[in-house]
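work.csv (CSV, C-alpha atoms and all ligand atoms) appears below.
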```
chain,number,residue,atom,x,y,z
W,1,MET,CA,5.8,-1.2,12.3
W,2,THR,CA,6.2,0.3,15.7
W,3,LEU,CA,6.5,3.9,16.9
W,4,ALA,CA,10.3,3.3,17.0
W,5,ASP,CA,10.2,2.7,13.2
W,6,VAL,CA,8.4,5.9,12.3
W,7,ASP,CA,11.4,8.1,11.8
W,8,THR,CA,13.1,5.6,9.5
W,9,VAL,CA,9.9,5.0,7.6
W,10,LEU,CA,9.4,8.7,7.3
W,11,GLY,CA,12.9,9.0,5.8
W,12,ILE,CA,12.0,6.6,3.0
W,13,GLU,CA,8.6,8.2,2.6
W,14,LEU,CA,10.2,11.7,2.0
W,15,GLU,CA,12.7,10.1,-0.4
W,16,VAL,CA,10.3,8.2,-2.6
W,17,GLN,CA,6.8,9.7,-2.4
W,18,ALA,CA,5.6,12.6,-4.5
W,19,TYR,CA,3.0,13.5,-1.8
W,20,PRO,CA,4.6,12.2,1.4
W,21,TRP,CA,2.8,11.4,4.6
W,22,THR,CA,3.9,13.3,7.7
W,23,ARG,CA,5.2,11.7,10.9
W,24,GLY,CA,1.8,12.4,12.4
W,25,ASN,CA,0.1,10.4,9.6
W,26,PHE,CA,2.1,7.3,10.5
W,27,ILE,CA,1.6,7.7,14.2
W,28,ASP,CA,-2.2,8.1,13.7
W,29,ALA,CA,-2.2,5.0,11.5
W,30,LEU,CA,-0.5,3.0,14.3
W,31,ASN,CA,-2.7,4.5,17.0
W,32,CYS,CA,-5.8,3.6,15.0
W,33,GLY,CA,-4.7,0.0,14.8
W,34,TYR,CA,-4.3,-0.1,11.0
W,35,SER,CA,-2.2,-2.9,9.7
W,36,CYS,CA,1.3,-1.2,9.4
W,37,ARG,CA,4.1,-3.5,8.2
W,38,VAL,CA,7.8,-3.0,7.5
W,39,ASP,CA,10.4,-5.1,5.7
W,40,GLU,CA,13.8,-5.0,7.4
W,41,GLU,CA,16.9,-6.9,6.6
W,42,ASP,CA,20.2,-6.6,8.5
W,43,CYS,CA,18.9,-3.5,10.3
W,44,GLU,CA,18.1,-1.8,7.0
W,45,MET,CA,14.5,-0.7,6.6
W,46,ARG,CA,13.6,-1.5,3.0
W,47,ALA,CA,9.8,-1.2,2.6
W,48,TYR,CA,6.6,-0.5,4.4
W,49,ALA,CA,2.9,-0.5,3.9
W,50,VAL,CA,-0.3,0.6,5.7
W,51,LEU,CA,-3.7,-1.1,5.3
W,52,ARG,CA,-6.9,0.3,6.7
W,53,PRO,CA,-9.9,-1.9,7.4
W,54,VAL,CA,-13.2,-0.5,6.2
W,55,MET,CA,-16.1,-2.8,7.2
W,56,ASP,CA,-15.5,-5.9,5.0
W,57,GLU,CA,-13.1,-4.1,2.7
W,58,ALA,CA,-9.6,-2.7,3.2
W,59,GLU,CA,-7.9,0.3,1.8
W,60,LEU,CA,-4.2,0.3,1.0
W,61,LEU,CA,-3.3,3.7,2.3
W,62,ASN,CA,0.5,3.6,1.7
W,63,ILE,CA,3.2,1.5,0.3
W,64,GLY,CA,6.8,2.4,-0.4
W,65,VAL,CA,10.2,0.8,-1.1
W,66,SER,CA,13.5,2.7,-0.4
W,67,ALA,CA,15.0,4.1,-3.6
W,68,GLN,CA,18.0,1.8,-3.4
W,69,GLN,CA,15.9,-1.3,-2.9
W,70,GLN,CA,13.4,-0.7,-5.7
W,71,ARG,CA,12.9,-3.1,-8.6
W,72,LYS,CA,14.0,-6.1,-6.5
W,73,GLY,CA,10.5,-7.6,-5.9
W,74,LEU,CA,10.0,-6.0,-2.5
W,75,GLY,CA,7.0,-3.9,-3.5
W,76,ARG,CA,5.3,-6.9,-4.9
W,77,ALA,CA,6.1,-9.0,-1.8
W,78,MET,CA,4.8,-6.3,0.5
W,79,LEU,CA,1.6,-5.9,-1.6
W,80,GLN,CA,1.1,-9.6,-1.5
W,81,GLU,CA,1.5,-9.6,2.2
W,82,MET,CA,-1.1,-6.9,2.6
W,83,LEU,CA,-3.6,-8.8,0.3
W,84,ALA,CA,-3.0,-12.0,2.3
W,85,LEU,CA,-3.6,-10.1,5.5
W,86,ALA,CA,-6.9,-8.8,4.1
W,87,ARG,CA,-7.9,-12.3,3.0
W,88,GLU,CA,-7.1,-13.7,6.4
W,89,LYS,CA,-9.5,-11.1,7.9
W,90,ASN,CA,-12.2,-12.2,5.5
W,91,MET,CA,-12.2,-8.9,3.6
W,92,HIS,CA,-13.8,-9.1,0.2
W,93,ARG,CA,-12.0,-6.3,-1.6
W,94,VAL,CA,-9.0,-4.1,-1.3
W,95,PHE,CA,-9.0,-0.6,-2.9
W,96,LEU,CA,-6.5,2.2,-3.2
W,97,GLU,CA,-5.8,5.5,-4.9
W,98,VAL,CA,-2.8,6.1,-7.1
W,99,ARG,CA,-1.4,9.1,-9.0
W,100,ALA,CA,-2.3,8.9,-12.7
W,101,SER,CA,1.3,9.4,-13.7
W,102,ASN,CA,2.7,6.8,-11.2
W,103,THR,CA,3.5,4.2,-13.9
W,104,ALA,CA,5.5,1.9,-11.6
W,105,ALA,CA,2.7,1.6,-9.0
W,106,LEU,CA,0.1,1.2,-11.7
W,107,ALA,CA,2.0,-1.6,-13.3
W,108,LEU,CA,2.5,-3.3,-9.9
W,109,TYR,CA,-1.1,-3.0,-8.9
W,110,ARG,CA,-2.4,-4.3,-12.3
W,111,SER,CA,0.0,-7.3,-12.2
W,112,ALA,CA,-1.4,-8.1,-8.7
W,113,GLY,CA,-5.0,-8.2,-9.9
W,114,PHE,CA,-6.2,-4.6,-9.3
W,115,SER,CA,-8.3,-2.9,-11.9
W,116,GLU,CA,-9.3,0.7,-12.4
W,117,ILE,CA,-12.7,1.5,-11.1
W,118,GLY,CA,-12.7,5.3,-11.1
W,119,MET,CA,-10.9,8.6,-11.2
W,120,ARG,CA,-10.8,11.6,-8.9
W,121,ARG,CA,-9.8,14.7,-10.7
W,122,GLY,CA,-7.3,17.0,-9.0
W,123,TYR,CA,-7.1,14.7,-6.0
W,124,TYR,CA,-3.5,15.3,-5.3
W,125,LYS,CA,-2.7,18.9,-4.7
W,126,ASN,CA,0.6,20.0,-3.2
W,127,ALA,CA,3.2,22.7,-3.8
W,128,GLY,CA,1.5,23.9,-6.9
W,129,LEU,CA,1.1,20.3,-8.2
W,130,ASN,CA,-2.3,19.1,-9.2
W,131,GLU,CA,-2.8,15.5,-10.3
W,132,ASP,CA,-5.7,13.1,-10.8
W,133,ALA,CA,-6.1,9.9,-8.7
W,134,ILE,CA,-7.0,6.6,-10.2
W,135,THR,CA,-9.1,4.4,-7.9
W,136,MET,CA,-8.3,0.7,-8.2
W,137,ALA,CA,-9.8,-2.4,-6.6
W,138,CYS,CA,-8.9,-6.0,-6.2
W,139,GLU,CA,-11.6,-8.6,-5.4
W,140,LEU,CA,-10.4,-11.2,-3.0
W,141,THR,CA,-11.4,-14.8,-3.2
W,142,PRO,CA,-12.3,-15.9,0.3
W,143,LEU,CA,-10.2,-18.6,2.0
W,144,LYS,CA,-12.0,-21.9,1.8
W,145,PRO,CA,-12.7,-23.6,5.1
W,146,ILE,CA,-10.5,-26.8,5.3
W,147,SER,CA,-13.7,-29.0,5.1
W,148,GLU,CA,-14.5,-27.6,1.7
W,149,GLU,CA,-11.1,-28.2,0.3
W,150,ARG,CA,-11.3,-32.0,0.8
W,201,LIG,C1,5.7,1.4,-6.6
W,201,LIG,C2,6.8,0.7,-5.7
W,201,LIG,C3,6.2,0.4,-4.3
W,201,LIG,C4,7.2,-0.6,-6.4
W,201,LIG,O1,8.1,-1.3,-5.6
W,201,LIG,P1,9.3,-2.1,-6.2
W,201,LIG,O2,9.9,-3.0,-5.1
W,201,LIG,O3,10.2,-1.2,-6.9
W,201,LIG,O4,8.6,-3.0,-7.3
W,201,LIG,P2,8.9,-4.6,-7.6
W,201,LIG,O5,10.4,-4.8,-7.8
W,201,LIG,O6,8.2,-5.4,-6.6
W,201,LIG,O7,8.2,-4.7,-9.0
W,201,LIG,C5,6.9,-5.2,-9.2
W,201,LIG,C6,6.3,-4.7,-10.5
W,201,LIG,O8,6.0,-3.3,-10.4
W,201,LIG,C7,6.2,-2.7,-11.7
W,201,LIG,N1,7.3,-1.7,-11.6
W,201,LIG,C8,8.1,-1.5,-10.5
W,201,LIG,N2,8.9,-0.4,-10.7
W,201,LIG,C9,8.7,0.0,-12.0
W,201,LIG,C10,9.2,1.0,-12.8
W,201,LIG,N3,10.1,1.8,-12.3
W,201,LIG,N4,8.6,1.2,-14.0
W,201,LIG,C11,7.7,0.4,-14.4
W,201,LIG,N5,7.1,-0.6,-13.7
W,201,LIG,C12,7.6,-0.8,-12.5
W,201,LIG,C13,6.6,-3.8,-12.6
W,201,LIG,O9,5.4,-4.3,-13.2
W,201,LIG,C14,7.2,-4.8,-11.7
W,201,LIG,O10,7.2,-6.1,-12.2
W,201,LIG,P3,8.4,-6.6,-13.1
W,201,LIG,O11,9.6,-6.4,-12.2
W,201,LIG,O12,8.1,-8.1,-13.3
W,201,LIG,O13,8.4,-5.8,-14.3
W,201,LIG,C15,8.1,1.5,-5.6
W,201,LIG,O14,8.4,1.9,-6.9
W,201,LIG,C16,7.9,2.8,-4.7
W,201,LIG,O15,8.1,2.7,-3.5
W,201,LIG,N6,7.6,3.9,-5.4
W,201,LIG,C17,7.4,5.2,-4.7
W,201,LIG,C18,6.3,5.1,-3.7
W,201,LIG,C19,5.0,4.9,-4.5
W,201,LIG,O16,4.8,5.4,-5.6
W,201,LIG,N7,4.1,4.1,-3.8
W,201,LIG,C20,2.8,3.8,-4.4
W,201,LIG,C21,1.8,4.9,-4.0
W,201,LIG,S1,0.2,4.5,-4.6
```

Would you mind writing the file's structure down as structure tokens?
Amino acid sequence: MTLADVDTVLGIELEVQAYPWTRGNFIDALNCGYSCRVDEEDCEMRAYAVLRPVMDEAELLNIGVSAQQQRKGLGRAMLQEMLALAREKNMHRVFLEVRASNTAALALYRSAGFSEIGMRRGYYKNAGLNEDAITMACELTPLKPISEER
């Protein structure tokens, strides 16, 4: 993701997220050097994700797939890309927060090896809404050095 992508990403964000990031949130993530990825095909932005390094762990801060491209495997592919990136950087664990009622995301994360490690009551508050966050974590198996694989 580059600064030039932000408006398009924001369009998807506003379309699909219950608690959307602002333009400033995406710009800050880019400026902070977080791993920000997009999936584009034939000039169509289809998906994006943002991963923040935290010491030897990483936090998946955002992931979204445009409404018309959902349920085609893009969310899983983007999540796998972010997990692979964390593994490459020798991170041990990826964690995230997800709305308790976000069944699609919960199913995606569970199927990718995340498990629930906690709950933050009333974490999401916006426009009169008030929802709990579930914290999830995925332990990463370190990449073996080539010498150990022989
Ligand atoms: C969550 C999200 C990223 C999933 O992306 P996607 O491309 O639609 O998902 P995929 O096609 O890769 O599906 C992967 C798995 O996710 C789960 N899943 C995805 N959409 C689902 C839905 N509507 N209902 C239930 N499970 C769903 C399924 O387990 C699915 O595996 P399956 O197809 O083998 O059943 C997408 O729905 C999205 O952008 N949602 C809005 C933004 C959001 O909630 N982001 C997460 C914030 S924590």

Exercise for review: Could you check how far CA of Leu30 (chain W) sits from CA of Leu79 (chain W), in Å to one decimal?
Suggested key: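 Atom-to-atom, CA of Leu30 (chain W) and CA of Leu79 (chain W) are spaced 18.3 Å apart.
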
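Residue nearest Cys43 (chain W) within the list W:Thr8, W:Asn90, W:Ser115, W:Asn31: W:Thr8 [criterion: smallest interatomic distance, all atoms listed in the file].
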
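Candidate residues W:Val94, W:Ala100, W:Leu51, W:Ala107 were compared for distance to ligand LIG 201 (chain W), and the nearest is W:Ala107, using all atoms listed in the file.
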
Exercise for review: Kindly provide, as a PyMOL selection string, all nucleotide and amino acid residues lying within 9 Å of ligand LIG 201 (chain W), counting all atoms listed in the file.
Suggested key: chain W and resi 12-13+15-20+47-49+60-67+69-79+96-99+102-112

Any chance you can output those residues with C-alpha atoms as a tab-separated table (two decimals), keeping the file's coordinate frame?
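Result file follows (part11.tsv):
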```
chain	number	residue	atom	x	y	z
W	12	ILE	CA	12.00	6.60	3.00
W	13	GLU	CA	8.60	8.20	2.60
W	15	GLU	CA	12.70	10.10	-0.40
W	16	VAL	CA	10.30	8.20	-2.60
W	17	GLN	CA	6.80	9.70	-2.40
W	18	ALA	CA	5.60	12.60	-4.50
W	19	TYR	CA	3.00	13.50	-1.80
W	20	PRO	CA	4.60	12.20	1.40
W	47	ALA	CA	9.80	-1.20	2.60
W	48	TYR	CA	6.60	-0.50	4.40
W	49	ALA	CA	2.90	-0.50	3.90
W	60	LEU	CA	-4.20	0.30	1.00
W	61	LEU	CA	-3.30	3.70	2.30
W	62	ASN	CA	0.50	3.60	1.70
W	63	ILE	CA	3.20	1.50	0.30
W	64	GLY	CA	6.80	2.40	-0.40
W	65	VAL	CA	10.20	0.80	-1.10
W	66	SER	CA	13.50	2.70	-0.40
W	67	ALA	CA	15.00	4.10	-3.60
W	69	GLN	CA	15.90	-1.30	-2.90
W	70	GLN	CA	13.40	-0.70	-5.70
W	71	ARG	CA	12.90	-3.10	-8.60
W	72	LYS	CA	14.00	-6.10	-6.50
W	73	GLY	CA	10.50	-7.60	-5.90
W	74	LEU	CA	10.00	-6.00	-2.50
W	75	GLY	CA	7.00	-3.90	-3.50
W	76	ARG	CA	5.30	-6.90	-4.90
W	77	ALA	CA	6.10	-9.00	-1.80
W	78	MET	CA	4.80	-6.30	0.50
W	79	LEU	CA	1.60	-5.90	-1.60
W	96	LEU	CA	-6.50	2.20	-3.20
W	97	GLU	CA	-5.80	5.50	-4.90
W	98	VAL	CA	-2.80	6.10	-7.10
W	99	ARG	CA	-1.40	9.10	-9.00
W	102	ASN	CA	2.70	6.80	-11.20
W	103	THR	CA	3.50	4.20	-13.90
W	104	ALA	CA	5.50	1.90	-11.60
W	105	ALA	CA	2.70	1.60	-9.00
W	106	LEU	CA	0.10	1.20	-11.70
W	107	ALA	CA	2.00	-1.60	-13.30
W	108	LEU	CA	2.50	-3.30	-9.90
W	109	TYR	CA	-1.10	-3.00	-8.90
W	110	ARG	CA	-2.40	-4.30	-12.30
W	111	SER	CA	0.00	-7.30	-12.20
W	112	ALA	CA	-1.40	-8.10	-8.70
```

Point to revise | For CA of Ala58 (chain W) and CA of Met136 (chain W), the interatomic separation in Å (one decimal) | key: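 Spanning CA of Ala58 (chain W) to CA of Met136 (chain W) is a straight-line distance of 12.0 Å.
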
Practice item. Give me, please, the distance in Å between CA of Phe114 (chain W) and CA of Cys138 (chain W), quoted to one decimal. Key: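 We find that CA of Phe114 (chain W) and CA of Cys138 (chain W) lie 4.3 Å from each other.
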
Check your understanding: Nearest to Glu59 (chain W) among W:Asn130, W:Thr135, W:Ser101, W:Thr141, with distances taken over all atoms listed in the file: which residue is it?
Key ->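 Ranking W:Asn130, W:Thr135, W:Ser101, W:Thr141 by distance to Glu59 (chain W), first place goes to W:Thr135.
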
Point to revise | Residue among W:Val50, W:Leu140, W:Met1, W:Ala86 lying closest to Trp21 (chain W), counting only C-alpha atoms | key: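 Answer, going by the shortest atom-to-atom distance: W:Val50.
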
Point to revise | Residue among W:Leu83, W:Ile27, W:Tyr124, W:Glu41 lying closest to Ala4 (chain W), counting all atoms listed in the file | key: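 Among the listed residues, the smallest separation from Ala4 (chain W) belongs to W:Ile27.
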
Check your understanding: Do you know which residues are at most 7 Å from Tyr123 (chain W) counting all atoms listed in the file, after dropping those on the same chain fewer than 2 positions away, and could you put them as a list in words?
Key -> Arg120, Arg121, Lys125, Glu131, Asp132 and Ala133 of chain W
